[in-house]
Amino acid sequence: MDKNIRKLRNQDNNPCIDESDASQQCLNVNSYDKSMCTNYFLRYKSCRKYWQNIMVLRRREGVKPDMPTAAERQEMIAAIGGKPY
C-alpha cells in the first residue's frame, strides 16, 4: 500500500475515516450521483472542521501531538455525549 494511503487510513492521523467511508459508499451505491450524498458530504466537512479547530487549539496551548490520538478522541467524544457533528 502506498505510504500516503496508509497515512490517510491511519486512525491516529485521520479522525474522519468513518465519514469518508460513508460518503464513498453512498457514491458507489448511487452511481456517483453527488446530489444523493449531500448529507454525507456535509457530515464529513463538519467532522474535518471540528477536528481542525481542536488541532488549532492544541497547537496554541502547546499540546503535542496536535491531533489527539484515536483513543483520546474517543474519550473526548464520550465526555460530550456523542459526536458534535
# chains A, B, ... in the order shown; residues from 1 in each chain; ligands from 1
>>> select_by_dssp(residues="chain A", states="helix (DSSP H, G or I)", output="MDAnalysis selection string")
chainID A and resid 3:8 17:29 34:61 70:79
>>> closest_atom_pairs(of="region 46-78 of chain A", to="region 9-26 of chain A", cutoff="8 Å", atoms="only C-alpha atoms", output="CSV")
residue,atom,partner,partner_atom,distance
A:Cys47,CA,A:Cys16,CA,6.1
A:Arg48,CA,A:Cys16,CA,6.6
A:Trp51,CA,A:Pro15,CA,7.3
A:Met67,CA,A:Asn13,CA,7.1
A:Pro68,CA,A:Asp12,CA,7.3
A:Thr69,CA,A:Asp12,CA,4.8
A:Ala70,CA,A:Asp12,CA,5.0
A:Arg73,CA,A:Pro15,CA,7.9
>>> atom_distance(atom1="CA of Asn28 (chain A)", atom2="CA of Phe41 (chain A)")
13.6 Å
>>> atom_distance(atom1="CA of Asp33 (chain A)", atom2="CA of Ser46 (chain A)")
20.8 Å
>>> closest_residue(among="A:Tyr44, A:Asn30, A:Cys37, A:Lys3", to="Tyr85 (chain A)", atoms="only C-alpha atoms")
A:Tyr44
>>> closest_residue(among="A:Met36, A:Met76, A:Val29, A:Ala71", to="Ile54 (chain A)", atoms="only C-alpha atoms")
A:Met76
